[in-house]
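Pasted below: data26.tsv, TSV, N, CA and C atoms.
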```tsv
chain	number	residue	atom	x	y	z
A	194	MET	N	19.95	9.65	6.64
A	194	MET	CA	20.92	9.28	7.65
A	194	MET	C	21.16	7.77	7.64
A	195	ALA	N	20.10	7.00	7.45
A	195	ALA	CA	20.24	5.54	7.46
A	195	ALA	C	21.19	5.07	6.36
A	196	ARG	N	21.13	5.71	5.21
A	196	ARG	CA	21.99	5.34	4.07
A	196	ARG	C	23.47	5.62	4.37
A	197	VAL	N	23.77	6.83	4.83
A	197	VAL	CA	25.18	7.18	5.05
A	197	VAL	C	25.76	6.40	6.23
A	198	PHE	N	24.97	6.18	7.27
A	198	PHE	CA	25.44	5.39	8.40
A	198	PHE	C	25.81	3.97	7.94
A	199	THR	N	24.90	3.34	7.21
A	199	THR	CA	25.12	1.96	6.78
A	199	THR	C	26.33	1.87	5.86
A	200	THR	N	26.48	2.82	4.97
A	200	THR	CA	27.63	2.82	4.07
A	200	THR	C	28.93	2.92	4.86
A	201	ALA	N	28.98	3.81	5.84
A	201	ALA	CA	30.18	3.96	6.66
A	201	ALA	C	30.42	2.72	7.52
A	202	TRP	N	29.37	2.18	8.09
A	202	TRP	CA	29.46	1.05	9.03
A	202	TRP	C	29.88	-0.26	8.36
A	203	ALA	N	29.44	-0.48	7.12
A	203	ALA	CA	29.68	-1.76	6.46
A	203	ALA	C	30.81	-1.74	5.44
A	204	SER	N	31.39	-0.57	5.16
A	204	SER	CA	32.48	-0.47	4.18
A	204	SER	C	33.83	-0.63	4.87
A	205	HIS	N	34.70	-1.39	4.24
A	205	HIS	CA	36.05	-1.64	4.77
A	205	HIS	C	37.04	-1.57	3.62
A	206	ASP	N	38.28	-1.23	3.93
A	206	ASP	CA	39.31	-1.19	2.89
A	206	ASP	C	40.61	-1.76	3.44
A	207	ALA	N	40.88	-3.01	3.11
A	207	ALA	CA	42.05	-3.71	3.63
A	207	ALA	C	43.24	-3.63	2.69
A	208	ARG	N	43.19	-2.69	1.74
A	208	ARG	CA	44.35	-2.51	0.87
A	208	ARG	C	45.44	-1.76	1.64
A	209	PRO	N	46.69	-1.93	1.24
A	209	PRO	CA	47.79	-1.24	1.94
A	209	PRO	C	47.57	0.27	2.00
A	210	GLY	N	47.80	0.83	3.19
A	210	GLY	CA	47.67	2.27	3.37
A	210	GLY	C	46.25	2.76	3.58
A	211	ARG	N	45.29	1.89	3.69
A	211	ARG	CA	43.88	2.27	3.88
A	211	ARG	C	43.49	2.03	5.33
A	212	ASP	N	42.39	1.33	5.58
A	212	ASP	CA	41.99	1.05	6.96
A	212	ASP	C	43.08	0.26	7.68
A	213	SER	N	43.20	0.51	8.98
A	213	SER	CA	44.20	-0.22	9.76
A	213	SER	C	43.61	-1.41	10.50
A	214	SER	N	42.26	-1.47	10.59
A	214	SER	CA	41.61	-2.60	11.25
A	214	SER	C	40.14	-2.65	10.85
A	215	PHE	N	39.50	-3.73	11.23
A	215	PHE	CA	38.06	-3.91	11.01
A	215	PHE	C	37.28	-2.77	11.69
A	216	ASP	N	37.81	-2.27	12.80
A	216	ASP	CA	37.12	-1.27	13.62
A	216	ASP	C	37.08	0.13	13.01
A	217	ASP	N	37.88	0.39	11.99
A	217	ASP	CA	37.86	1.72	11.36
A	217	ASP	C	36.47	2.06	10.84
A	218	ALA	N	35.75	1.08	10.32
A	218	ALA	CA	34.40	1.32	9.81
A	218	ALA	C	33.46	1.77	10.94
A	219	SER	N	33.58	1.16	12.11
A	219	SER	CA	32.76	1.56	13.25
A	219	SER	C	33.05	3.01	13.64
A	220	ARG	N	34.31	3.37	13.63
A	220	ARG	CA	34.67	4.76	13.98
A	220	ARG	C	34.13	5.75	12.96
A	221	ARG	N	34.13	5.39	11.68
A	221	ARG	CA	33.54	6.27	10.66
A	221	ARG	C	32.04	6.41	10.90
A	222	ALA	N	31.38	5.31	11.21
A	222	ALA	CA	29.93	5.32	11.42
A	222	ALA	C	29.54	6.13	12.65
A	223	ALA	N	30.42	6.24	13.64
A	223	ALA	CA	30.13	7.00	14.87
A	223	ALA	C	29.76	8.44	14.57
A	224	ALA	N	30.24	9.00	13.47
A	224	ALA	CA	29.92	10.38	13.10
A	224	ALA	C	28.43	10.56	12.81
A	225	TYR	N	27.73	9.47	12.52
A	225	TYR	CA	26.30	9.53	12.18
A	225	TYR	C	25.43	8.94	13.28
A	226	ALA	N	26.03	8.69	14.42
A	226	ALA	CA	25.33	8.09	15.55
A	226	ALA	C	25.28	9.07	16.71
A	227	ALA	N	24.54	8.70	17.75
A	227	ALA	CA	24.43	9.52	18.96
A	227	ALA	C	24.32	8.61	20.17
A	228	GLY	N	24.53	9.20	21.33
A	228	GLY	CA	24.34	8.49	22.59
A	228	GLY	C	25.33	7.36	22.79
A	229	ASP	N	24.86	6.34	23.49
A	229	ASP	CA	25.71	5.19	23.80
A	229	ASP	C	26.23	4.50	22.55
A	230	LEU	N	25.43	4.46	21.50
A	230	LEU	CA	25.88	3.80	20.28
A	230	LEU	C	27.09	4.53	19.71
A	231	ALA	N	27.05	5.85	19.65
A	231	ALA	CA	28.19	6.60	19.13
A	231	ALA	C	29.45	6.31	19.93
A	232	GLU	N	29.32	6.28	21.25
A	232	GLU	CA	30.47	5.98	22.10
A	232	GLU	C	30.97	4.56	21.87
A	233	ASP	N	30.05	3.61	21.77
A	233	ASP	CA	30.44	2.23	21.52
A	233	ASP	C	31.17	2.09	20.18
A	234	LEU	N	30.69	2.78	19.17
A	234	LEU	CA	31.32	2.70	17.86
A	234	LEU	C	32.71	3.33	17.86
A	235	ARG	N	32.88	4.43	18.58
A	235	ARG	CA	34.19	5.09	18.65
A	235	ARG	C	35.23	4.24	19.38
A	236	THR	N	34.79	3.46	20.37
A	236	THR	CA	35.73	2.70	21.19
A	236	THR	C	35.69	1.20	20.89
A	237	HIS	N	34.93	0.82	19.89
A	237	HIS	CA	34.73	-0.59	19.55
A	237	HIS	C	36.04	-1.28	19.19
A	238	THR	N	36.21	-2.47	19.70
A	238	THR	CA	37.30	-3.34	19.26
A	238	THR	C	36.69	-4.68	18.89
A	239	SER	N	37.10	-5.18	17.75
A	239	SER	CA	36.55	-6.42	17.23
A	239	SER	C	36.90	-7.60	18.11
A	240	GLY	N	35.98	-8.51	18.17
A	240	GLY	CA	36.26	-9.78	18.84
A	240	GLY	C	36.93	-10.72	17.85
A	241	GLY	N	36.91	-11.97	18.16
A	241	GLY	CA	37.58	-12.97	17.34
A	241	GLY	C	37.10	-13.02	15.90
A	242	ALA	N	35.78	-12.98	15.70
A	242	ALA	CA	35.24	-13.10	14.34
A	242	ALA	C	35.64	-11.89	13.49
A	243	GLY	N	35.55	-10.68	14.05
A	243	GLY	CA	35.93	-9.48	13.31
A	243	GLY	C	37.41	-9.47	12.99
A	244	THR	N	38.22	-9.90	13.93
A	244	THR	CA	39.66	-9.96	13.72
A	244	THR	C	40.01	-10.97	12.63
A	245	GLN	N	39.37	-12.13	12.67
A	245	GLN	CA	39.62	-13.15	11.65
A	245	GLN	C	39.18	-12.67	10.27
A	246	GLN	N	38.03	-11.99	10.22
A	246	GLN	CA	37.56	-11.46	8.93
A	246	GLN	C	38.57	-10.45	8.40
A	247	TRP	N	39.04	-9.55	9.27
A	247	TRP	CA	39.99	-8.53	8.86
A	247	TRP	C	41.28	-9.17	8.32
A	248	LEU	N	41.81	-10.18	9.01
A	248	LEU	CA	43.04	-10.83	8.56
A	248	LEU	C	42.86	-11.47	7.19
A	249	SER	N	41.70	-12.06	6.96
A	249	SER	CA	41.40	-12.65	5.65
A	249	SER	C	41.35	-11.57	4.58
A	250	TRP	N	40.64	-10.47	4.87
A	250	TRP	CA	40.55	-9.36	3.90
A	250	TRP	C	41.92	-8.76	3.64
A	251	LYS	N	42.70	-8.56	4.70
A	251	LYS	CA	44.02	-7.95	4.55
A	251	LYS	C	44.92	-8.83	3.69
A	252	ASP	N	44.88	-10.12	3.90
A	252	ASP	CA	45.68	-11.05	3.13
A	252	ASP	C	45.36	-10.95	1.64
A	253	ARG	N	44.08	-10.78	1.30
A	253	ARG	CA	43.65	-10.69	-0.10
A	253	ARG	C	43.49	-9.25	-0.59
A	254	GLN	N	43.81	-8.27	0.29
A	254	GLN	CA	43.70	-6.84	-0.04
A	254	GLN	C	42.31	-6.51	-0.59
A	255	ILE	N	41.31	-6.80	0.23
A	255	ILE	CA	39.90	-6.63	-0.15
A	255	ILE	C	39.43	-5.20	0.12
A	256	GLN	N	38.70	-4.67	-0.82
A	256	GLN	CA	37.95	-3.43	-0.59
A	256	GLN	C	36.47	-3.82	-0.56
A	257	VAL	N	35.81	-3.52	0.56
A	257	VAL	CA	34.40	-3.84	0.72
A	257	VAL	C	33.61	-2.55	0.50
A	258	THR	N	32.75	-2.55	-0.50
A	258	THR	CA	31.93	-1.38	-0.79
A	258	THR	C	30.46	-1.71	-0.62
A	259	VAL	N	29.69	-0.68	-0.34
A	259	VAL	CA	28.27	-0.83	-0.05
A	259	VAL	C	27.46	0.03	-1.02
A	260	THR	N	26.41	-0.56	-1.55
A	260	THR	CA	25.43	0.18	-2.34
A	260	THR	C	24.08	-0.04	-1.69
A	261	VAL	N	23.47	1.02	-1.17
A	261	VAL	CA	22.16	0.89	-0.53
A	261	VAL	C	21.11	0.69	-1.61
A	262	LEU	N	20.33	-0.36	-1.47
A	262	LEU	CA	19.28	-0.68	-2.43
A	262	LEU	C	17.94	-0.06	-2.05
A	263	ARG	N	17.62	-0.12	-0.75
A	263	ARG	CA	16.37	0.51	-0.29
A	263	ARG	C	16.36	0.65	1.23
A	264	VAL	N	15.57	1.59	1.67
A	264	VAL	CA	15.36	1.85	3.10
A	264	VAL	C	13.86	1.80	3.33
A	265	SER	N	13.45	1.04	4.34
A	265	SER	CA	12.03	0.91	4.63
A	265	SER	C	11.82	0.75	6.13
A	266	LEU	N	10.57	0.77	6.52
A	266	LEU	CA	10.20	0.52	7.91
A	266	LEU	C	10.23	-0.99	8.14
A	267	PRO	N	10.94	-1.48	9.16
A	267	PRO	CA	10.98	-2.93	9.40
A	267	PRO	C	9.59	-3.48	9.73
A	268	ASP	N	9.36	-4.73	9.37
A	268	ASP	CA	8.10	-5.40	9.70
A	268	ASP	C	7.87	-5.33	11.20
A	269	GLY	N	6.67	-4.95	11.60
A	269	GLY	CA	6.31	-4.92	13.01
A	269	GLY	C	6.80	-3.71	13.78
A	270	ALA	N	7.55	-2.82	13.14
A	270	ALA	CA	8.05	-1.63	13.84
A	270	ALA	C	6.93	-0.60	13.97
A	271	PRO	N	6.97	0.20	15.05
A	271	PRO	CA	5.96	1.24	15.18
A	271	PRO	C	6.13	2.30	14.09
A	272	ALA	N	5.05	2.99	13.79
A	272	ALA	CA	5.12	4.08	12.80
A	272	ALA	C	6.09	5.15	13.29
A	273	PRO	N	6.79	5.80	12.38
A	273	PRO	CA	7.71	6.87	12.78
A	273	PRO	C	6.96	7.99	13.51
A	274	SER	N	7.63	8.60	14.46
A	274	SER	CA	7.07	9.75	15.15
A	274	SER	C	7.89	10.98	14.77
A	275	GLU	N	7.57	12.09	15.37
A	275	GLU	CA	8.28	13.34	15.08
A	275	GLU	C	9.76	13.24	15.45
A	276	ASP	N	10.09	12.43	16.47
A	276	ASP	CA	11.48	12.41	16.94
A	276	ASP	C	12.14	11.04	16.98
A	277	SER	N	11.45	9.98	16.54
A	277	SER	CA	12.11	8.66	16.50
A	277	SER	C	11.51	7.80	15.39
A	278	SER	N	12.34	6.87	14.94
A	278	SER	CA	11.91	5.98	13.86
A	278	SER	C	12.82	4.77	13.83
A	279	PHE	N	12.37	3.75	13.14
A	279	PHE	CA	13.19	2.59	12.84
A	279	PHE	C	13.35	2.53	11.33
A	280	ALA	N	14.43	1.94	10.87
A	280	ALA	CA	14.65	1.77	9.44
A	280	ALA	C	15.30	0.42	9.19
A	281	ARG	N	14.91	-0.20	8.10
A	281	ARG	CA	15.60	-1.40	7.61
A	281	ARG	C	16.33	-0.96	6.34
A	282	VAL	N	17.63	-1.19	6.33
A	282	VAL	CA	18.45	-0.82	5.18
A	282	VAL	C	18.89	-2.11	4.50
A	283	ILE	N	18.52	-2.26	3.26
A	283	ILE	CA	18.94	-3.41	2.46
A	283	ILE	C	20.00	-2.90	1.50
A	284	TYR	N	21.13	-3.60	1.50
A	284	TYR	CA	22.26	-3.11	0.71
A	284	TYR	C	23.02	-4.24	0.04
A	285	LYS	N	23.71	-3.87	-1.04
A	285	LYS	CA	24.58	-4.81	-1.74
A	285	LYS	C	25.99	-4.61	-1.19
A	286	LEU	N	26.60	-5.70	-0.77
A	286	LEU	CA	27.96	-5.69	-0.24
A	286	LEU	C	28.85	-6.33	-1.29
A	287	LYS	N	29.85	-5.59	-1.74
A	287	LYS	CA	30.75	-6.09	-2.78
A	287	LYS	C	32.16	-6.17	-2.21
A	288	GLU	N	32.76	-7.37	-2.29
A	288	GLU	CA	34.13	-7.59	-1.85
A	288	GLU	C	35.01	-7.72	-3.09
A	289	SER	N	35.89	-6.73	-3.27
A	289	SER	CA	36.76	-6.71	-4.44
A	289	SER	C	38.21	-6.94	-4.01
A	290	PRO	N	38.78	-8.11	-4.37
A	290	PRO	CA	40.16	-8.39	-4.00
A	290	PRO	C	41.13	-7.73	-4.99
A	291	ALA	N	42.39	-7.62	-4.57
A	291	ALA	CA	43.42	-7.08	-5.47
A	291	ALA	C	43.54	-7.96	-6.72
A	292	LYS	N	43.39	-9.28	-6.55
A	292	LYS	CA	43.46	-10.22	-7.67
A	292	LYS	C	42.26	-11.15	-7.59
A	293	GLY	N	41.68	-11.43	-8.73
A	293	GLY	CA	40.55	-12.35	-8.77
A	293	GLY	C	39.22	-11.62	-8.85
A	294	PRO	N	38.16	-12.40	-8.99
A	294	PRO	CA	36.83	-11.81	-9.17
A	294	PRO	C	36.24	-11.27	-7.86
A	295	ALA	N	35.41	-10.27	-8.00
A	295	ALA	CA	34.67	-9.71	-6.86
A	295	ALA	C	33.50	-10.63	-6.54
A	296	THR	N	33.05	-10.58	-5.29
A	296	THR	CA	31.84	-11.30	-4.89
A	296	THR	C	30.85	-10.29	-4.34
A	297	GLU	N	29.58	-10.58	-4.50
A	297	GLU	CA	28.52	-9.70	-4.01
A	297	GLU	C	27.51	-10.50	-3.21
A	298	SER	N	26.93	-9.81	-2.22
A	298	SER	CA	25.84	-10.41	-1.44
A	298	SER	C	24.87	-9.30	-1.07
A	299	GLU	N	23.65	-9.70	-0.79
A	299	GLU	CA	22.65	-8.74	-0.32
A	299	GLU	C	22.53	-8.90	1.18
A	300	GLU	N	22.65	-7.79	1.90
A	300	GLU	CA	22.63	-7.78	3.35
A	300	GLU	C	21.56	-6.81	3.83
A	301	GLN	N	21.28	-6.83	5.13
A	301	GLN	CA	20.36	-5.86	5.70
A	301	GLN	C	20.72	-5.59	7.15
A	302	VAL	N	20.33	-4.42	7.60
A	302	VAL	CA	20.53	-4.04	8.99
A	302	VAL	C	19.32	-3.21	9.43
A	303	ALA	N	18.92	-3.39	10.67
A	303	ALA	CA	17.84	-2.58	11.26
A	303	ALA	C	18.50	-1.48	12.10
A	304	LEU	N	17.95	-0.28	12.01
A	304	LEU	CA	18.48	0.87	12.73
A	304	LEU	C	17.38	1.54	13.53
A	305	LYS	N	17.73	2.05	14.70
A	305	LYS	CA	16.83	2.90	15.47
A	305	LYS	C	17.39	4.31	15.36
A	306	LEU	N	16.53	5.25	14.95
A	306	LEU	CA	16.95	6.62	14.74
A	306	LEU	C	16.22	7.57	15.69
A	307	ARG	N	16.89	8.63	16.04
A	307	ARG	CA	16.30	9.66	16.88
A	307	ARG	C	16.70	11.03	16.33
A	308	ARG	N	15.76	11.98	16.40
A	308	ARG	CA	16.05	13.35	15.96
A	308	ARG	C	16.76	14.07	17.10
A	309	SER	N	17.88	14.70	16.79
A	309	SER	CA	18.65	15.43	17.81
A	309	SER	C	18.10	16.84	17.98
A	310	ALA	N	18.62	17.55	18.96
A	310	ALA	CA	18.15	18.90	19.27
A	310	ALA	C	18.29	19.85	18.08
A	311	ASP	N	19.29	19.63	17.24
A	311	ASP	CA	19.48	20.51	16.07
A	311	ASP	C	18.60	20.11	14.89
A	312	GLY	N	17.76	19.08	15.07
A	312	GLY	CA	16.83	18.66	14.02
A	312	GLY	C	17.36	17.58	13.10
A	313	SER	N	18.62	17.22	13.23
A	313	SER	CA	19.17	16.17	12.38
A	313	SER	C	18.88	14.79	12.98
A	314	TRP	N	18.84	13.80	12.14
A	314	TRP	CA	18.61	12.43	12.58
A	314	TRP	C	19.94	11.75	12.85
A	315	ARG	N	19.98	10.94	13.90
A	315	ARG	CA	21.16	10.16	14.26
A	315	ARG	C	20.73	8.74	14.57
A	316	VAL	N	21.60	7.79	14.29
A	316	VAL	CA	21.35	6.39	14.62
A	316	VAL	C	21.69	6.20	16.08
A	317	VAL	N	20.76	5.63	16.85
A	317	VAL	CA	20.98	5.42	18.30
A	317	VAL	C	20.92	3.95	18.69
A	318	GLY	N	20.65	3.08	17.75
A	318	GLY	CA	20.60	1.66	18.07
A	318	GLY	C	20.67	0.78	16.85
A	319	LEU	N	21.18	-0.41	17.07
A	319	LEU	CA	21.26	-1.44	16.03
A	319	LEU	C	20.50	-2.68	16.53
A	320	PRO	N	19.17	-2.65	16.47
A	320	PRO	CA	18.41	-3.81	16.93
A	320	PRO	C	18.84	-5.08	16.19
A	321	ASN	N	18.93	-6.15	16.92
A	321	ASN	CA	19.26	-7.47	16.36
A	321	ASN	C	20.68	-7.61	15.84
A	322	VAL	N	21.58	-6.72	16.25
A	322	VAL	CA	22.99	-6.88	15.83
A	322	VAL	C	23.79	-7.36	17.01
```
Would you give me this structure, written as structure tokens?
Amino acid sequence: MARVFTTAWASHDARPGRDSSFDDASRRAAAYAAGDLAEDLRTHTSGGAGTQQWLSWKDRQIQVTVTVLRVSLPDGAPAPSEDSSFARVIYKLKESPAKGPATESEEQVALKLRRSADGSWRVVGLPNV
């Protein structure tokens, strides 16, 4: 779950006819979340920084793709239990413009996960975001 959530949450496509805003990624990620986080992601609207990033990507027709490199327990996090866990997802973020070279960076995000009644895992928090 941590892998698919992070891929949905951090991927953007500012090419014509693709995503309509920075917030589309949050709405995609909401499908893998639960509780208040899922609601926040579905109704999220970017502030100034997200809007500025989107305008820059749109101008250059950037496609942002994510490759998850590894998932681990964050330093200092409690051991996973039967129904909750934390995960650190380290991923490669690649920004590919319509023209010019792509750029890559290594990023990470911490996630709080909880097992739902149907036994599936859902992301319920983004510590430190």
Item to check | Glu232 of chain A surroundings by only N, CA and C atoms, 6.5 Å radius, close-in-sequence under 5 positions cut, as a count of residues only | outcome: 3
Checklist entry - What separation in Å, quoted to one decimal, exists between atom N of Arg281 of chain A and atom C of Asp268 of chain A? => result 9.2 Å
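Rounded to one decimal, atom CA of Val259 of chain A and atom CA of Leu286 of chain A lie 4.9 Å from each other.
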Item to check | Who sits within 8 Å of Ser239 of chain A, all atoms listed in the file, same chain under 5 positions skipped, as an MDAnalysis selection string | outcome: chainID A and resid 214:216 244:245
Checklist entry - Counting only N, CA and C atoms, which of A:Arg308, A:Arg235, A:Lys292, A:Arg263 gets nearest to Asp276 of chain A? => result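 Comparing A:Arg308, A:Arg235, A:Lys292, A:Arg263 against Asp276 of chain A, the winner is A:Arg308.
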Next on the checklist: Neighbouring residues of Ala280 of chain A were defined as those with any atom within 6 Å, considering all atoms listed in the file; residues of the same chain fewer than 5 positions away were excluded. Please report them as a PyMOL selection string.
Outcome noted: chain A and resi 265-267+302-306
Next on the checklist: According to DSSP computed on the backbone, where in chain A is there alpha helix (DSSP H)? Give the residues as an NGL selection string.
Outcome noted: :A and (195-203 or 217-222 or 228-236 or 241-253)
Keeping only N, CA and C atoms, write the selected residues to a file as a short mmCIF file (atom, residue, chain, number, x, y, z; two decimals), in the frame of the given file.
```cif
data_model
loop_
_atom_site.label_atom_id
_atom_site.label_comp_id
_atom_site.auth_asym_id
_atom_site.auth_seq_id
_atom_site.Cartn_x
_atom_site.Cartn_y
_atom_site.Cartn_z
N ALA A 195 20.10 7.00 7.45
CA ALA A 195 20.24 5.54 7.46
C ALA A 195 21.19 5.07 6.36
N ARG A 196 21.13 5.71 5.21
CA ARG A 196 21.99 5.34 4.07
C ARG A 196 23.47 5.62 4.37
N VAL A 197 23.77 6.83 4.83
CA VAL A 197 25.18 7.18 5.05
C VAL A 197 25.76 6.40 6.23
N PHE A 198 24.97 6.18 7.27
CA PHE A 198 25.44 5.39 8.40
C PHE A 198 25.81 3.97 7.94
N THR A 199 24.90 3.34 7.21
CA THR A 199 25.12 1.96 6.78
C THR A 199 26.33 1.87 5.86
N THR A 200 26.48 2.82 4.97
CA THR A 200 27.63 2.82 4.07
C THR A 200 28.93 2.92 4.86
N ALA A 201 28.98 3.81 5.84
CA ALA A 201 30.18 3.96 6.66
C ALA A 201 30.42 2.72 7.52
N TRP A 202 29.37 2.18 8.09
CA TRP A 202 29.46 1.05 9.03
C TRP A 202 29.88 -0.26 8.36
N ALA A 203 29.44 -0.48 7.12
CA ALA A 203 29.68 -1.76 6.46
C ALA A 203 30.81 -1.74 5.44
N ASP A 217 37.88 0.39 11.99
CA ASP A 217 37.86 1.72 11.36
C ASP A 217 36.47 2.06 10.84
N ALA A 218 35.75 1.08 10.32
CA ALA A 218 34.40 1.32 9.81
C ALA A 218 33.46 1.77 10.94
N SER A 219 33.58 1.16 12.11
CA SER A 219 32.76 1.56 13.25
C SER A 219 33.05 3.01 13.64
N ARG A 220 34.31 3.37 13.63
CA ARG A 220 34.67 4.76 13.98
C ARG A 220 34.13 5.75 12.96
N ARG A 221 34.13 5.39 11.68
CA ARG A 221 33.54 6.27 10.66
C ARG A 221 32.04 6.41 10.90
N ALA A 222 31.38 5.31 11.21
CA ALA A 222 29.93 5.32 11.42
C ALA A 222 29.54 6.13 12.65
N GLY A 228 24.53 9.20 21.33
CA GLY A 228 24.34 8.49 22.59
C GLY A 228 25.33 7.36 22.79
N ASP A 229 24.86 6.34 23.49
CA ASP A 229 25.71 5.19 23.80
C ASP A 229 26.23 4.50 22.55
N LEU A 230 25.43 4.46 21.50
CA LEU A 230 25.88 3.80 20.28
C LEU A 230 27.09 4.53 19.71
N ALA A 231 27.05 5.85 19.65
CA ALA A 231 28.19 6.60 19.13
C ALA A 231 29.45 6.31 19.93
N GLU A 232 29.32 6.28 21.25
CA GLU A 232 30.47 5.98 22.10
C GLU A 232 30.97 4.56 21.87
N ASP A 233 30.05 3.61 21.77
CA ASP A 233 30.44 2.23 21.52
C ASP A 233 31.17 2.09 20.18
N LEU A 234 30.69 2.78 19.17
CA LEU A 234 31.32 2.70 17.86
C LEU A 234 32.71 3.33 17.86
N ARG A 235 32.88 4.43 18.58
CA ARG A 235 34.19 5.09 18.65
C ARG A 235 35.23 4.24 19.38
N THR A 236 34.79 3.46 20.37
CA THR A 236 35.73 2.70 21.19
C THR A 236 35.69 1.20 20.89
N GLY A 241 36.91 -11.97 18.16
CA GLY A 241 37.58 -12.97 17.34
C GLY A 241 37.10 -13.02 15.90
N ALA A 242 35.78 -12.98 15.70
CA ALA A 242 35.24 -13.10 14.34
C ALA A 242 35.64 -11.89 13.49
N GLY A 243 35.55 -10.68 14.05
CA GLY A 243 35.93 -9.48 13.31
C GLY A 243 37.41 -9.47 12.99
N THR A 244 38.22 -9.90 13.93
CA THR A 244 39.66 -9.96 13.72
C THR A 244 40.01 -10.97 12.63
N GLN A 245 39.37 -12.13 12.67
CA GLN A 245 39.62 -13.15 11.65
C GLN A 245 39.18 -12.67 10.27
N GLN A 246 38.03 -11.99 10.22
CA GLN A 246 37.56 -11.46 8.93
C GLN A 246 38.57 -10.45 8.40
N TRP A 247 39.04 -9.55 9.27
CA TRP A 247 39.99 -8.53 8.86
C TRP A 247 41.28 -9.17 8.32
N LEU A 248 41.81 -10.18 9.01
CA LEU A 248 43.04 -10.83 8.56
C LEU A 248 42.86 -11.47 7.19
N SER A 249 41.70 -12.06 6.96
CA SER A 249 41.40 -12.65 5.65
C SER A 249 41.35 -11.57 4.58
N TRP A 250 40.64 -10.47 4.87
CA TRP A 250 40.55 -9.36 3.90
C TRP A 250 41.92 -8.76 3.64
N LYS A 251 42.70 -8.56 4.70
CA LYS A 251 44.02 -7.95 4.55
C LYS A 251 44.92 -8.83 3.69
N ASP A 252 44.88 -10.12 3.90
CA ASP A 252 45.68 -11.05 3.13
C ASP A 252 45.36 -10.95 1.64
N ARG A 253 44.08 -10.78 1.30
CA ARG A 253 43.65 -10.69 -0.10
C ARG A 253 43.49 -9.25 -0.59
#
```
Let me know the centre plus edge lengths, in Å and rounded to one decimal, of a box with edges along x, y and z that contains all listed atoms of segment 227-240 of chain A and is padded by 3 Å on every side, as JSON.
```
{"center_x": 30.8, "center_y": -0.6, "center_z": 20.5, "size_x": 19.0, "size_y": 26.2, "size_z": 12.6}
```
Checklist entry - Which is closest to Val316 of chain A among A:Leu248, A:Asp206, A:Ser277, A:Asp217, if we use only C-alpha atoms? => result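 Among the listed residues, A:Ser277 lies closest to Val316 of chain A.
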